[in-house]
Amino acid sequence: MRQADIGVIGLSVMGRNLARNIADKGYDVSVFNRTAEKTREFVDLQPDESIIPSYTIENFISSLKSPKKILLMVQAGKAVDEVISQLLPFLQKGDSIIDGGNAHYKDTTRRFHDLQEKGILFLGVGISGGEEGARRGPSIMAGGDKMAWDIVKEIFLAISAKFNGIPCAAYLGTEGAGHFVKMVHNGIEYADMQLIAESYDLMKRGLQLPNETIGEFFRQWNQRKNQSYLLEITAKILSVKEGNTSFVDNILDVAAHKGTGRWVVEEAIVENIPLFVLSHALFSRFLSLLKTERTQANKVLTGPLCLFSGDKQYFVDQMEKAIYAAKIIAYAEGFYLLQVLSNQKQWNIPLEQVALIWRAGCIIRSRFLEDIHHAFLKNPALHNLLFDDFFSQEFIPNQSALRLMIQQGISLGIPLPCLCSALSYFDGYRSGILPANLIQAQRDFFGAHTFERIDRPRGEFFHHSWEEKEQ
């Protein structure tokens with residue numbers, strides 16, 4: 001019986017497209033789905049000699065060459081553990097399990113250690129690019145057992161997206177490093193999308209521009225510094241009509257999320273890391289969910305009544321600069337989180353490599369990432385993108401445009417949570433003195449939480465008898 005080079009379990013959109021991608025690259029692929037009908041449907045739809053269907057776990061395992069390589073494309077969470085438990089009785093030491101779903105990196109770390117004890121190699125692989133990326137070439141972020149990566153590396157490099165001929169796939173560290181990087185990618189993705197949405201809102205409600213005109217501005221921006229996949233598809237979205245109406249105007253203003261953006265914010269909270277822009281991108285989705293309440297509030301709560309008066313073209317030109325400046329902050333936050341956790345967990349994630357494999361295939365792919373790649377290539381220990389000469393020199397002259405957009409949005413009553421957050425982060429980060437001394441005095445007053453003094457070494461703590469001094 002012919003044996004496959006790799007097996008894929010889970011034939012939903014991502015699983016079946018990855019299977020076909022692998023087959024296209026000259027590898028034999030065994031496929032299995034817990035619902036046999038889905039497997040039959042998949043192989044009947046586009047017959048391919050390189051794709052071998054299996055209808056039981058036993059047959060699936062026996063259809064694979066040794067050491068066996070199994071890619072799981074099932075729903076994150078309990079389903080992954082259940083499939084692993086079904087596979088274990090048929091696996092031998094040295095076989096590899098690869099989780100290609102959006103698993104939480106802590107679950108991946110747990111599975112890595114559990115399987116390591118059993119002699120099974122485990123990879124947690126972040127795969128970005130959606131349906132089309134899976135089919136034609138995604139960005140692949142691998143973490144876990146380095147030996148497993150060496151075994152499947154050839155296949156993953158072959159199926160990945162390419163940027164100037166360079167594969168957008170890499171091993172990024174042990175344990176849950178790969179899924180952690182994918183998690184941060186998704187947090188940045190939330191911010192990118194929200195920033196574009198805020199600029200759209202400013203142009204639509206603030207400048208009273210039609211969607212077609214806004215889309216044309218986005219197309220123009222996409223030819224310059226703000227070039228990105230998300231901007232590209234937004235321009236396309238705004239050109240689509242349903243009858244005489246712009247299609248996007250018929251979509252309810254409620255944005256969902258699948259969890260990865262929330263995980264990023266939760267991680268930042270646990271680690272005391274300021275994520276101004278990324279967190280507000282998530283909270284903006286939460287606010288959108290309150291559609292019924294917002295509709296009621298719209299009837300009773302009034303904002304400013306002023307209309308925009310000025311040069312619209314000039315304003316749009318400034319908006320382009322403002323979005324670029326805010327994007328620098330969003331990515332600075334994301335890469336800062338990557339660096340802190342990588343150092344803490346001793347993963348040694350190569351940040352220049354992360355930027356490199358995000359340049360094609362993934363949802364946040366953009367020209368911007370080439371500059372980030374060069375920044376970390378020049379200084380792998382770069383603490384914050386704002387300390388890189390290129391990015392500081394890019395942000396500083398564009399901050400005036402960011403301030404102008406925020407002022408205009410406030411005057412028009414248009415919410416700009418991520419634009420405002422980006423500027424607040426910058427102004428706070430560059431402040432040698434913040435009002436936290438007053439907060440600490442308040443904490444000491446009501447709770448004796450103590451404080452440090454500016455005239456004493458860091459690490460020495462003091463308590464003041466505030467009530468006695470007041471008398």
# chains A, B, ... in the order shown; residues from 1 in each chain; ligands from 1
$ closest_atom_pairs --of "region 277-352 of chain A" --to "region 373-388 of chain A" --cutoff "9 Å" --atoms "only C-alpha atoms" --output "JSON lines"
{"residue": "A:Ile328", "atom": "CA", "partner": "A:Leu385", "partner_atom": "CA", "distance": 7.8}
{"residue": "A:Ile329", "atom": "CA", "partner": "A:Leu386", "partner_atom": "CA", "distance": 7.9}
{"residue": "A:Tyr331", "atom": "CA", "partner": "A:Leu385", "partner_atom": "CA", "distance": 7.9}
{"residue": "A:Ala332", "atom": "CA", "partner": "A:Leu385", "partner_atom": "CA", "distance": 5.1}
{"residue": "A:Glu333", "atom": "CA", "partner": "A:Asn384", "partner_atom": "CA", "distance": 7.9}
{"residue": "A:Phe335", "atom": "CA", "partner": "A:Asn384", "partner_atom": "CA", "distance": 7.5}
{"residue": "A:Tyr336", "atom": "CA", "partner": "A:Asn384", "partner_atom": "CA", "distance": 6.0}
{"residue": "A:Gln339", "atom": "CA", "partner": "A:His383", "partner_atom": "CA", "distance": 7.5}
{"residue": "A:Val340", "atom": "CA", "partner": "A:His383", "partner_atom": "CA", "distance": 8.8}
{"residue": "A:Pro350", "atom": "CA", "partner": "A:Pro380", "partner_atom": "CA", "distance": 7.4}
{"residue": "A:Leu351", "atom": "CA", "partner": "A:Phe376", "partner_atom": "CA", "distance": 6.3}
{"residue": "A:Glu352", "atom": "CA", "partner": "A:His373", "partner_atom": "CA", "distance": 4.7}
$ residues_around --residues "region 424-434 of chain A" --least-positions-apart "2" --cutoff "9 Å" --atoms "only C-alpha atoms" --output "ChimeraX atom specification"
/A:274-277,329,386,419-422,436-437
$ select_by_dssp --residues "region 99-266 of chain A" --states "alpha helix (DSSP H)" --output "VMD selection string"
chain A and resid 105 to 117 130 to 136 146 to 159 177 to 201 211 to 221 229 to 237 260 to 266
$ write_last_selection --atoms "C-alpha atoms" --output "mmCIF file, in the first residue's frame"
data_model
loop_
_atom_site.group_PDB
_atom_site.id
_atom_site.type_symbol
_atom_site.label_atom_id
_atom_site.label_comp_id
_atom_site.auth_asym_id
_atom_site.auth_seq_id
_atom_site.Cartn_x
_atom_site.Cartn_y
_atom_site.Cartn_z
ATOM 1 C CA TYR A 105 0.200 28.879 23.831
ATOM 2 C CA LYS A 106 -0.154 27.611 27.408
ATOM 3 C CA ASP A 107 -2.121 24.594 26.152
ATOM 4 C CA THR A 108 0.613 23.998 23.578
ATOM 5 C CA THR A 109 3.285 24.168 26.269
ATOM 6 C CA ARG A 110 1.367 21.626 28.356
ATOM 7 C CA ARG A 111 0.950 19.264 25.412
ATOM 8 C CA PHE A 112 4.594 19.659 24.489
ATOM 9 C CA HIS A 113 5.735 18.449 27.920
ATOM 10 C CA ASP A 114 3.072 15.725 28.218
ATOM 11 C CA LEU A 115 4.031 14.212 24.868
ATOM 12 C CA GLN A 116 7.747 14.667 25.465
ATOM 13 C CA GLU A 117 7.409 12.300 28.439
ATOM 14 C CA GLY A 130 -7.005 32.387 6.009
ATOM 15 C CA GLU A 131 -8.585 30.139 3.409
ATOM 16 C CA GLU A 132 -6.612 31.516 0.456
ATOM 17 C CA GLY A 133 -3.338 31.471 2.385
ATOM 18 C CA ALA A 134 -3.784 27.843 3.356
ATOM 19 C CA ARG A 135 -4.391 26.943 -0.278
ATOM 20 C CA ARG A 136 -1.709 29.070 -1.943
ATOM 21 C CA LYS A 146 13.127 21.275 17.271
ATOM 22 C CA MET A 147 13.580 17.674 16.105
ATOM 23 C CA ALA A 148 9.959 17.629 14.896
ATOM 24 C CA TRP A 149 10.570 20.847 12.990
ATOM 25 C CA ASP A 150 13.626 19.376 11.309
ATOM 26 C CA ILE A 151 11.508 16.400 10.206
ATOM 27 C CA VAL A 152 8.635 18.451 8.694
ATOM 28 C CA LYS A 153 10.634 21.543 7.735
ATOM 29 C CA GLU A 154 10.933 20.627 4.067
ATOM 30 C CA ILE A 155 7.156 20.316 3.671
ATOM 31 C CA PHE A 156 6.343 23.524 5.552
ATOM 32 C CA LEU A 157 8.907 25.564 3.673
ATOM 33 C CA ALA A 158 7.479 24.228 0.401
ATOM 34 C CA ILE A 159 3.850 25.116 1.173
ATOM 35 C CA ALA A 177 6.586 29.857 21.150
ATOM 36 C CA GLY A 178 4.947 29.363 17.747
ATOM 37 C CA HIS A 179 1.380 29.740 18.987
ATOM 38 C CA PHE A 180 2.412 32.671 21.165
ATOM 39 C CA VAL A 181 3.763 34.497 18.111
ATOM 40 C CA LYS A 182 0.534 33.721 16.233
ATOM 41 C CA MET A 183 -1.467 35.062 19.185
ATOM 42 C CA VAL A 184 0.435 38.367 19.116
ATOM 43 C CA HIS A 185 0.042 38.467 15.324
ATOM 44 C CA ASN A 186 -3.715 38.335 15.823
ATOM 45 C CA GLY A 187 -3.604 41.071 18.461
ATOM 46 C CA ILE A 188 -1.774 43.334 16.022
ATOM 47 C CA GLU A 189 -4.306 42.318 13.372
ATOM 48 C CA TYR A 190 -7.132 43.595 15.612
ATOM 49 C CA ALA A 191 -5.318 46.936 15.954
ATOM 50 C CA ASP A 192 -4.642 47.227 12.218
ATOM 51 C CA MET A 193 -8.300 46.591 11.426
ATOM 52 C CA GLN A 194 -9.552 49.054 14.029
ATOM 53 C CA LEU A 195 -7.208 51.814 12.833
ATOM 54 C CA ILE A 196 -8.488 51.393 9.287
ATOM 55 C CA ALA A 197 -12.075 51.382 10.589
ATOM 56 C CA GLU A 198 -11.475 54.620 12.513
ATOM 57 C CA SER A 199 -10.066 56.374 9.454
ATOM 58 C CA TYR A 200 -13.081 55.103 7.482
ATOM 59 C CA ASP A 201 -15.429 56.486 10.149
ATOM 60 C CA ASN A 211 -17.674 54.801 0.267
ATOM 61 C CA GLU A 212 -16.349 54.776 -3.289
ATOM 62 C CA THR A 213 -14.285 57.905 -2.611
ATOM 63 C CA ILE A 214 -12.990 56.497 0.685
ATOM 64 C CA GLY A 215 -12.040 53.272 -1.092
ATOM 65 C CA GLU A 216 -10.111 55.269 -3.688
ATOM 66 C CA PHE A 217 -8.166 57.047 -0.932
ATOM 67 C CA PHE A 218 -7.339 53.657 0.596
ATOM 68 C CA ARG A 219 -6.133 52.436 -2.796
ATOM 69 C CA GLN A 220 -3.844 55.456 -2.989
ATOM 70 C CA TRP A 221 -2.553 54.899 0.549
ATOM 71 C CA TYR A 229 -3.150 43.370 2.703
ATOM 72 C CA LEU A 230 -5.826 44.730 5.050
ATOM 73 C CA LEU A 231 -5.825 48.121 3.338
ATOM 74 C CA GLU A 232 -5.962 46.395 -0.046
ATOM 75 C CA ILE A 233 -9.031 44.335 0.802
ATOM 76 C CA THR A 234 -10.730 47.312 2.496
ATOM 77 C CA ALA A 235 -10.482 49.297 -0.721
ATOM 78 C CA LYS A 236 -12.057 46.355 -2.561
ATOM 79 C CA ILE A 237 -14.821 45.982 0.038
ATOM 80 C CA THR A 260 -6.858 35.303 20.326
ATOM 81 C CA GLY A 261 -7.152 39.083 20.664
ATOM 82 C CA ARG A 262 -8.494 38.647 24.181
ATOM 83 C CA TRP A 263 -5.644 36.284 25.057
ATOM 84 C CA VAL A 264 -3.116 38.963 24.076
ATOM 85 C CA VAL A 265 -4.703 41.506 26.409
ATOM 86 C CA GLU A 266 -5.018 38.963 29.214
#
$ closest_residue --among "A:Asp311, A:Glu267, A:Asp99, A:Glu320" --to "Gln223 (chain A)" --atoms "only C-alpha atoms"
A:Glu320
$ atom_distance --atom1 "CA of Gln208 (chain A)" --atom2 "CA of Glu394 (chain A)"
29.7 Å
$ closest_residue --among "A:Ser139, A:Gln46, A:Gln75, A:Ser96" --to "Ile363 (chain A)" --atoms "only C-alpha atoms"
A:Ser139
$ residues_around --residues "Ala360 (chain A)" --least-positions-apart "2" --cutoff "8 Å" --atoms "only C-alpha atoms" --output "PyMOL selection string"
chain A and resi 138-139+161-163+168+357-358+362+365-366
$ atom_distance --atom1 "CA of Ile396 (chain A)" --atom2 "CA of Pro435 (chain A)"
23.4 Å
$ closest_residue --among "A:Gly10, A:Phe32, A:Asn59, A:Leu87" --to "Leu72 (chain A)" --atoms "only C-alpha atoms"
A:Gly10
$ atom_distance --atom1 "CA of Gly100 (chain A)" --atom2 "CA of Ala76 (chain A)"
9.1 Å
$ select_by_dssp --residues "region 173-384 of chain A" --states "strand (DSSP E)" --output "list of chain:residue names"
A:Lys241, A:Glu242, A:Thr245, A:Ser246
$ write_last_selection --atoms "all heavy atoms" --output "PDB file, in the first residue's frame"
ATOM      1  N   LYS A 241     -21.043  46.728  -4.505  1.00  0.00           N
ATOM      2  CA  LYS A 241     -22.408  47.241  -4.342  1.00  0.00           C
ATOM      3  C   LYS A 241     -23.431  46.115  -4.291  1.00  0.00           C
ATOM      4  O   LYS A 241     -23.188  45.014  -4.792  1.00  0.00           O
ATOM      5  CB  LYS A 241     -22.757  48.187  -5.494  1.00  0.00           C
ATOM      6  CG  LYS A 241     -22.081  49.548  -5.413  1.00  0.00           C
ATOM      7  CD  LYS A 241     -22.572  50.450  -6.533  1.00  0.00           C
ATOM      8  CE  LYS A 241     -22.055  51.869  -6.344  1.00  0.00           C
ATOM      9  NZ  LYS A 241     -22.657  52.515  -5.166  1.00  0.00           N
ATOM     10  N   GLU A 242     -24.544  46.397  -3.678  1.00  0.00           N
ATOM     11  CA  GLU A 242     -25.711  45.514  -3.694  1.00  0.00           C
ATOM     12  C   GLU A 242     -26.868  46.373  -4.200  1.00  0.00           C
ATOM     13  O   GLU A 242     -27.415  47.192  -3.449  1.00  0.00           O
ATOM     14  CB  GLU A 242     -26.004  44.960  -2.308  1.00  0.00           C
ATOM     15  CG  GLU A 242     -27.119  43.922  -2.308  1.00  0.00           C
ATOM     16  CD  GLU A 242     -27.265  43.254  -0.950  1.00  0.00           C
ATOM     17  OE1 GLU A 242     -27.524  43.972   0.045  1.00  0.00           O
ATOM     18  OE2 GLU A 242     -27.115  42.019  -0.879  1.00  0.00           O
ATOM     19  N   THR A 245     -26.803  50.289  -3.536  1.00  0.00           N
ATOM     20  CA  THR A 245     -26.241  50.540  -2.201  1.00  0.00           C
ATOM     21  C   THR A 245     -24.864  49.922  -2.063  1.00  0.00           C
ATOM     22  O   THR A 245     -24.604  48.831  -2.578  1.00  0.00           O
ATOM     23  CB  THR A 245     -27.170  49.951  -1.112  1.00  0.00           C
ATOM     24  OG1 THR A 245     -28.487  50.452  -1.295  1.00  0.00           O
ATOM     25  CG2 THR A 245     -26.681  50.309   0.280  1.00  0.00           C
ATOM     26  N   SER A 246     -23.995  50.607  -1.355  1.00  0.00           N
ATOM     27  CA  SER A 246     -22.688  50.041  -1.032  1.00  0.00           C
ATOM     28  C   SER A 246     -22.915  48.835  -0.119  1.00  0.00           C
ATOM     29  O   SER A 246     -23.606  48.932   0.902  1.00  0.00           O
ATOM     30  CB  SER A 246     -21.831  51.091  -0.321  1.00  0.00           C
ATOM     31  OG  SER A 246     -20.543  50.587  -0.043  1.00  0.00           O
TER      32      SER A 246
END
$ residues_around --residues "region 438-451 of chain A" --least-positions-apart "6" --cutoff "6 Å" --atoms "only C-alpha atoms" --output "MDAnalysis selection string"
chainID A and resid 461:463
$ closest_residue --among "A:Gln92, A:Lys118, A:Lys327, A:Asn348" --to "Gly143 (chain A)" --atoms "only C-alpha atoms"
A:Asn348
$ closest_residue --among "A:Arg40, A:Arg403, A:Lys68, A:Arg2" --to "Arg16 (chain A)" --atoms "only C-alpha atoms"
A:Arg40
$ decode --residues "region 4-111 of chain A" --atoms "C-alpha atoms" --output "mmCIF file, in the first residue's frame"
data_model
loop_
_atom_site.group_PDB
_atom_site.id
_atom_site.type_symbol
_atom_site.label_atom_id
_atom_site.label_comp_id
_atom_site.auth_asym_id
_atom_site.auth_seq_id
_atom_site.Cartn_x
_atom_site.Cartn_y
_atom_site.Cartn_z
ATOM 1 C CA ALA A 4 1.828 9.202 2.676
ATOM 2 C CA ASP A 5 4.537 11.678 3.638
ATOM 3 C CA ILE A 6 2.238 13.438 6.109
ATOM 4 C CA GLY A 7 -1.298 13.111 7.449
ATOM 5 C CA VAL A 8 -3.926 15.780 8.001
ATOM 6 C CA ILE A 9 -6.750 15.343 10.516
ATOM 7 C CA GLY A 10 -9.627 17.793 10.170
ATOM 8 C CA LEU A 11 -11.077 18.705 6.786
ATOM 9 C CA SER A 12 -12.769 22.021 7.385
ATOM 10 C CA VAL A 13 -11.716 24.995 5.275
ATOM 11 C CA MET A 14 -8.138 25.306 6.563
ATOM 12 C CA GLY A 15 -7.451 21.562 6.767
ATOM 13 C CA ARG A 16 -8.586 20.688 3.280
ATOM 14 C CA ASN A 17 -6.825 23.663 1.709
ATOM 15 C CA LEU A 18 -3.562 22.819 3.457
ATOM 16 C CA ALA A 19 -3.913 19.196 2.306
ATOM 17 C CA ARG A 20 -4.295 20.300 -1.302
ATOM 18 C CA ASN A 21 -1.415 22.739 -0.928
ATOM 19 C CA ILE A 22 0.816 19.921 0.323
ATOM 20 C CA ALA A 23 -0.273 17.639 -2.500
ATOM 21 C CA ASP A 24 0.402 20.375 -5.043
ATOM 22 C CA LYS A 25 3.999 20.522 -3.831
ATOM 23 C CA GLY A 26 4.596 16.869 -4.701
ATOM 24 C CA TYR A 27 3.905 15.141 -1.386
ATOM 25 C CA ASP A 28 1.490 12.304 -0.671
ATOM 26 C CA VAL A 29 -1.070 13.279 1.963
ATOM 27 C CA SER A 30 -3.297 11.033 4.037
ATOM 28 C CA VAL A 31 -6.509 12.728 5.210
ATOM 29 C CA PHE A 32 -8.984 11.852 7.956
ATOM 30 C CA ASN A 33 -12.037 13.513 9.440
ATOM 31 C CA ARG A 34 -14.108 12.213 12.333
ATOM 32 C CA THR A 35 -17.120 12.529 10.010
ATOM 33 C CA ALA A 36 -16.444 10.026 7.232
ATOM 34 C CA GLU A 37 -18.869 11.783 4.887
ATOM 35 C CA LYS A 38 -16.718 14.918 4.935
ATOM 36 C CA THR A 39 -13.693 12.851 3.921
ATOM 37 C CA ARG A 40 -15.601 11.269 1.003
ATOM 38 C CA GLU A 41 -16.922 14.633 -0.069
ATOM 39 C CA PHE A 42 -13.410 16.094 -0.013
ATOM 40 C CA VAL A 43 -11.749 13.405 -2.127
ATOM 41 C CA ASP A 44 -14.706 13.136 -4.532
ATOM 42 C CA LEU A 45 -14.804 16.859 -5.187
ATOM 43 C CA GLN A 46 -11.294 17.029 -6.637
ATOM 44 C CA PRO A 47 -9.771 13.561 -7.031
ATOM 45 C CA ASP A 48 -6.006 13.558 -6.609
ATOM 46 C CA GLU A 49 -3.759 10.496 -6.509
ATOM 47 C CA SER A 50 -1.537 12.269 -3.976
ATOM 48 C CA ILE A 51 -4.398 12.442 -1.454
ATOM 49 C CA ILE A 52 -5.130 9.189 0.379
ATOM 50 C CA PRO A 53 -8.455 9.056 2.280
ATOM 51 C CA SER A 54 -8.762 7.145 5.552
ATOM 52 C CA TYR A 55 -11.957 6.370 7.454
ATOM 53 C CA THR A 56 -10.580 5.036 10.753
ATOM 54 C CA ILE A 57 -7.742 6.193 12.971
ATOM 55 C CA GLU A 58 -6.055 2.805 12.582
ATOM 56 C CA ASN A 59 -6.080 2.998 8.778
ATOM 57 C CA PHE A 60 -4.982 6.606 8.891
ATOM 58 C CA ILE A 61 -1.936 5.806 11.033
ATOM 59 C CA SER A 62 -0.986 2.775 8.939
ATOM 60 C CA SER A 63 -1.144 4.900 5.794
ATOM 61 C CA LEU A 64 1.751 7.090 6.992
ATOM 62 C CA LYS A 65 5.476 6.615 6.481
ATOM 63 C CA SER A 66 7.615 6.349 9.610
ATOM 64 C CA PRO A 67 8.430 8.449 11.504
ATOM 65 C CA LYS A 68 4.832 9.514 11.261
ATOM 66 C CA LYS A 69 3.959 13.203 10.832
ATOM 67 C CA ILE A 70 0.390 14.186 11.699
ATOM 68 C CA LEU A 71 -1.010 17.694 11.245
ATOM 69 C CA LEU A 72 -4.087 18.423 13.371
ATOM 70 C CA MET A 73 -6.473 20.997 11.914
ATOM 71 C CA VAL A 74 -9.275 20.666 14.453
ATOM 72 C CA GLN A 75 -10.972 23.196 16.694
ATOM 73 C CA ALA A 76 -8.705 24.529 19.437
ATOM 74 C CA GLY A 77 -9.342 23.332 22.979
ATOM 75 C CA LYS A 78 -10.677 19.968 24.132
ATOM 76 C CA ALA A 79 -10.936 18.611 20.583
ATOM 77 C CA VAL A 80 -7.134 18.706 20.228
ATOM 78 C CA ASP A 81 -6.613 16.724 23.438
ATOM 79 C CA GLU A 82 -9.270 14.210 22.388
ATOM 80 C CA VAL A 83 -7.642 13.589 19.013
ATOM 81 C CA ILE A 84 -4.217 13.252 20.615
ATOM 82 C CA SER A 85 -5.562 10.669 23.051
ATOM 83 C CA GLN A 86 -7.038 8.716 20.111
ATOM 84 C CA LEU A 87 -3.716 8.786 18.271
ATOM 85 C CA LEU A 88 -1.388 7.838 21.130
ATOM 86 C CA PRO A 89 -2.115 4.078 21.228
ATOM 87 C CA PHE A 90 -0.952 3.798 17.605
ATOM 88 C CA LEU A 91 2.147 6.024 17.747
ATOM 89 C CA GLN A 92 5.745 5.156 18.477
ATOM 90 C CA LYS A 93 8.607 7.158 19.919
ATOM 91 C CA GLY A 94 9.907 9.638 17.388
ATOM 92 C CA ASP A 95 6.551 10.196 15.688
ATOM 93 C CA SER A 96 5.365 13.811 15.430
ATOM 94 C CA ILE A 97 2.065 15.523 16.161
ATOM 95 C CA ILE A 98 1.631 19.055 14.833
ATOM 96 C CA ASP A 99 -1.210 21.278 16.028
ATOM 97 C CA GLY A 100 -1.977 23.816 13.301
ATOM 98 C CA GLY A 101 -5.003 25.400 14.968
ATOM 99 C CA ASN A 102 -5.296 28.595 16.998
ATOM 100 C CA ALA A 103 -4.389 26.983 20.313
ATOM 101 C CA HIS A 104 -3.560 29.006 23.400
ATOM 102 C CA TYR A 105 0.200 28.879 23.831
ATOM 103 C CA LYS A 106 -0.154 27.611 27.408
ATOM 104 C CA ASP A 107 -2.121 24.594 26.152
ATOM 105 C CA THR A 108 0.613 23.998 23.578
ATOM 106 C CA THR A 109 3.285 24.168 26.269
ATOM 107 C CA ARG A 110 1.367 21.626 28.356
ATOM 108 C CA ARG A 111 0.950 19.264 25.412
#
